[in-house]
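Okay, so here's the structure we're looking at.
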Amino acid sequence: MSKKEENEVIETNEEVLDENEELEATDKEKLEENETKEGQNKKAKSKSHKASKKKKSKGSKKKNSKEKDDEKEKKSLLKIIALVIVLLLVIGVGGFFGYKKFQSSQSVGSDWGDTYYDFILDSKTNDTKVAIKDNSKIEFIEVPEVKDPIMVVNYEKDSKNYSDIYYINNTEIKNIIALEPANIEMLYNIADKNYNWYLHTTTDEEEKYTTISSTIKTSNSKKNDTEKEEYVYKIGEEISVETVDGSKITMPKIDSEFVKVDVDIATIDYKKDLTEKELKESMTTNIEEFKTTKEITDKEIKEEVKEKEKEVAAKKEEMKKAEEEVAKKKEEEARIAEEERKRAEEEAKKGLKVGSQTLKYGRYVSDVNIMDSSMYGTIILKPNGQFHVKANCEGDYPYKALDNDGTYQVTRVQNSFSFFDGIKFTTNNGVTFSLEAHNGNELSDQWHRYQYAGSE
């Protein structure tokens with residue numbers, strides 16, 4: 001009750017007592033007046049009826065004593081009635097204001113809840129940046145390393161959700177206002193095996209998950225020596241492995257590290273036009289329904305998380321096996337390649353058998369630079385049945401230059417005069433030509449020779 005209300009009750013009580021005293025004085029005067037009249041009547045009766053009075057004196061005394069007793073009872077009854085009226089008035093007026101005071105001071109269920117309630121109540125008339133936004137949803141959650149539950153205020157702006165954080169620091173409300181779209185989410189850290197609350201912010205390029213406890217800790221730090229515990233992912237970032245058949249196994253990167261936990265939290269639909277009574281009732285109900293992180297992560301939630309964790313583990317195992325199979329395949333390919341290299345080296349040492357001649361593998365260079373109707377340049381003979389030619393062509397050739405890979409085969413080749421043991425070359429663009437093998441590591445056509453000039 002305010003000082004003004006207390007004074008008004010006191011003044012009202014004093015007025016009632018004064019009125020009762022006046023009533024008592026009036027009643028006393030009337031009683032005295034009645035007694036005076038009765039005395040006069042008695043004297044008159046005494047003069048006119050002496051003889052009668054003497055005879056009946058004993059009965060009259062008894063009658064007068066009874067009348068006096070009746071008057072005393074009436075006076076006592078009036079006093080009691082007056083006191084009862086005064087008490088009822090005091091109780092009624094004081095009770096009304098006392099109930100209002102009791103109702104106003106009644107707790108919403110906890111000390112921290114009362115602190116937030118007073119702050120929210122003040123926000124109804126406070127238009128500063130830290131005030132609770134109109135048409136918002138208020139939630140209370142428990143986070144590690146913060147003594148009291150924190151208050152999360154979710155609201156929409158430009159069709160995007162924002163989450164402001166409020167927390168108690170030595171009975172004072174501190175706040176972290178969202179500068180970009182954000183949500184508060186509970187995640188299960190697969191590596192650490194624990195549950196925690198995260199501030200999830202998203203931009204066009206990336207999404208970030210920051211523990212609320214580290215956000216508050218950084219906000220309270222006077223030095224720049226506190227780092228936020230956060231996890232950053234590019235939009236659509238995945239981890240993937242290739243299988244032996246060339247396909248891919250993929251998984252969102254965040255799913256490989258966290259399990260998102262779907263939880264229901266008691267919410268207050270806050271509007272600035274809420275009455276004090278409505279706000280207190282909503283706060284009281286919310287505090288009653290408040291759950292700690294341990295209470296939220298009940299058996300049902302843990303079973304759901306366990307199932308998701310199993311799915312992630314199975315996917316990771318599938319990826320691991322695929323990596324092992326690919327690695328095994330690469331090892332096998334490397335082994336085969338090494339064997340082929342060694343075989344090629346052995347074949348190179350032996351040379352290429354063409355009829356009765358043996359040619360070394362390597363570079364063969366023409367003995368002229370230019371000649372009519374001839375091809376001149378360089379041919380590289382490889383032990384794997386492949387070759388490369390780089391030459392110019394003069395005369396009737398349909399092409400003027402060659403710089404191609406191709407394949408070759410040992411065969412009987414016919415020129416203008418006869419058949420001979422030689423090599424037929426076919427480039428990868430379809431050009432064919434043949435050269436005869438000679439002793440001394442030489443190849444030739446009808447016009448000039450290609451002589452061995454060393455290895456590749």
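Order determines the names: the first chain of the structure tokens is A, the second B, and so forth; residues in each chain are numbered 1 upward, and ligands are numbered 1 upward as they are shown.
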
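Neighbours of range 320-325 of chain A closer than or equal to 6 Å, with only C-alpha atoms counted and sequence neighbours fewer than 3 positions away skipped, come out as A:Thr243, A:Glu317, A:Lys328.
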
Write out, as an mmCIF file, in the first residue's frame, the residues just selected, with N, CA and C atoms.
data_model
loop_
_atom_site.group_PDB
_atom_site.id
_atom_site.type_symbol
_atom_site.label_atom_id
_atom_site.label_comp_id
_atom_site.auth_asym_id
_atom_site.auth_seq_id
_atom_site.Cartn_x
_atom_site.Cartn_y
_atom_site.Cartn_z
ATOM 1 N N THR A 243 33.209 -43.586 -54.662
ATOM 2 C CA THR A 243 33.239 -45.048 -54.599
ATOM 3 C C THR A 243 34.054 -45.601 -55.757
ATOM 4 N N GLU A 317 30.559 -44.971 -41.577
ATOM 5 C CA GLU A 317 31.164 -46.283 -41.813
ATOM 6 C C GLU A 317 31.120 -46.636 -43.295
ATOM 7 N N LYS A 328 42.356 -49.137 -52.002
ATOM 8 C CA LYS A 328 42.812 -50.463 -52.422
ATOM 9 C C LYS A 328 42.901 -50.556 -53.940
#

As number ranges by chain, which residues of range 152-238 of chain A does DSSP assign to helix (DSSP H, G or I)? A: 212-220

Give me the residues within 10 Å of Glu205 in chain A as an MDAnalysis selection string, counting only C-alpha atoms and dropping any in the same chain fewer than 4 places off. chainID A and resid 233:236

With N, CA and C atoms retained, export the selected residues as a tab-separated table (two decimals), in the first residue's frame.
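For reference, out.tsv as written:
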chain	number	residue	atom	x	y	z
A	233	TYR	N	29.93	-23.11	-41.23
A	233	TYR	CA	29.78	-23.97	-42.40
A	233	TYR	C	29.36	-23.12	-43.60
A	234	LYS	N	29.90	-23.45	-44.75
A	234	LYS	CA	29.44	-22.80	-45.97
A	234	LYS	C	28.04	-23.31	-46.29
A	235	ILE	N	27.26	-22.46	-46.94
A	235	ILE	CA	25.90	-22.88	-47.29
A	235	ILE	C	25.96	-24.11	-48.18
A	236	GLY	N	25.30	-25.18	-47.77
A	236	GLY	CA	25.28	-26.42	-48.55
A	236	GLY	C	26.55	-27.23	-48.45

List as a Markdown table every residue of range 269-372 of chain A that is in contact with range 169-188 of chain A, defined as an atom at most 10 Å from one of its atoms (using only C-alpha atoms), together with the nearest atom pair and the distance in Å rounded to one decimal, sorted by chain and then rising number.
| residue | atom | partner | partner_atom | distance |
| --- | --- | --- | --- | --- |
| A:Thr293 | CA | A:Met186 | CA | 9.4 |
| A:Lys302 | CA | A:Tyr188 | CA | 9.8 |
| A:Val305 | CA | A:Tyr188 | CA | 7.7 |
| A:Glu309 | CA | A:Tyr188 | CA | 9.4 |

Output for the residues just chosen: N, CA and C atoms as a compact mmCIF listing (two decimals), in the first residue's frame:
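Output (out-v1.txt):
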# COMPACT_ATOMS: atom_id res chain seq x y z
N THR A 293 17.90 -28.28 -18.84
CA THR A 293 18.37 -29.06 -20.00
C THR A 293 18.25 -30.56 -19.71
N LYS A 302 16.39 -38.59 -25.78
CA LYS A 302 17.67 -39.32 -25.87
C LYS A 302 17.58 -40.48 -26.84
N VAL A 305 17.73 -39.01 -30.36
CA VAL A 305 19.11 -38.59 -30.67
C VAL A 305 19.98 -39.81 -30.92
N GLU A 309 22.11 -40.56 -34.19
CA GLU A 309 23.55 -40.78 -34.05
C GLU A 309 23.95 -42.09 -34.72

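One distance worth recording is that between CA of Ser282 in chain A and CA of Val146 in chain A, which is 24.0 Å.
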
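What separates CA of Asn441 in chain A from CA of Lys350 in chain A is a distance of 12.7 Å.
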
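Atom pair CA of Gln451 in chain A / CA of Asp367 in chain A has a distance of 7.0 Å (rounded to one decimal).
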
Residues of range 228-301 of chain A at most 12 Å from range 329-332 of chain A: nearest atom pair and distance in Å, only C-alpha atoms, as CSV:
residue,atom,partner,partner_atom,distance
A:Glu242,CA,A:Lys329,CA,11.8
A:Thr243,CA,A:Lys329,CA,10.1
A:Val244,CA,A:Lys329,CA,7.3
A:Asp245,CA,A:Lys329,CA,10.5
A:Gly246,CA,A:Lys329,CA,11.8

Prev. selection, N, CA and C atoms, output as a PDB file, in the first residue's frame:
ATOM      1  N   GLU A 242      34.292 -40.719 -52.925  1.00  0.00           N
ATOM      2  CA  GLU A 242      33.998 -41.371 -54.205  1.00  0.00           C
ATOM      3  C   GLU A 242      34.123 -42.875 -54.043  1.00  0.00           C
ATOM      4  N   THR A 243      33.209 -43.586 -54.662  1.00  0.00           N
ATOM      5  CA  THR A 243      33.239 -45.048 -54.599  1.00  0.00           C
ATOM      6  C   THR A 243      34.054 -45.601 -55.757  1.00  0.00           C
ATOM      7  N   VAL A 244      34.287 -46.898 -55.750  1.00  0.00           N
ATOM      8  CA  VAL A 244      35.096 -47.515 -56.806  1.00  0.00           C
ATOM      9  C   VAL A 244      34.415 -47.443 -58.169  1.00  0.00           C
ATOM     10  N   ASP A 245      33.056 -47.311 -58.166  1.00  0.00           N
ATOM     11  CA  ASP A 245      32.356 -47.236 -59.456  1.00  0.00           C
ATOM     12  C   ASP A 245      32.177 -45.791 -59.932  1.00  0.00           C
ATOM     13  N   GLY A 246      32.808 -44.834 -59.194  1.00  0.00           N
ATOM     14  CA  GLY A 246      32.756 -43.439 -59.638  1.00  0.00           C
ATOM     15  C   GLY A 246      31.631 -42.629 -59.047  1.00  0.00           C
TER      16      GLY A 246
END

Using only C-alpha atoms, the best pick from A:Lys299, A:Lys310, A:His438, A:Lys193 as closest to Ser356 in chain A would be A:His438

Residues flagged strand (DSSP E) by DSSP in range 335-431 of chain A, as a ChimeraX atom specification: /A:352-354,357-359,362-366,375-381,386-393,401-414,419-427

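Residue nearest Asn135 in chain A within the list A:Lys217, A:Lys79, A:Lys253, A:Lys271: A:Lys271 [criterion: smallest interatomic distance, only C-alpha atoms].
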
Range 420-434 of chain A: which residues within 6 Å, counting only C-alpha atoms, same-chain residues fewer than 5 positions away excluded, as a PyMOL selection string? chain A and resi 355+405-413
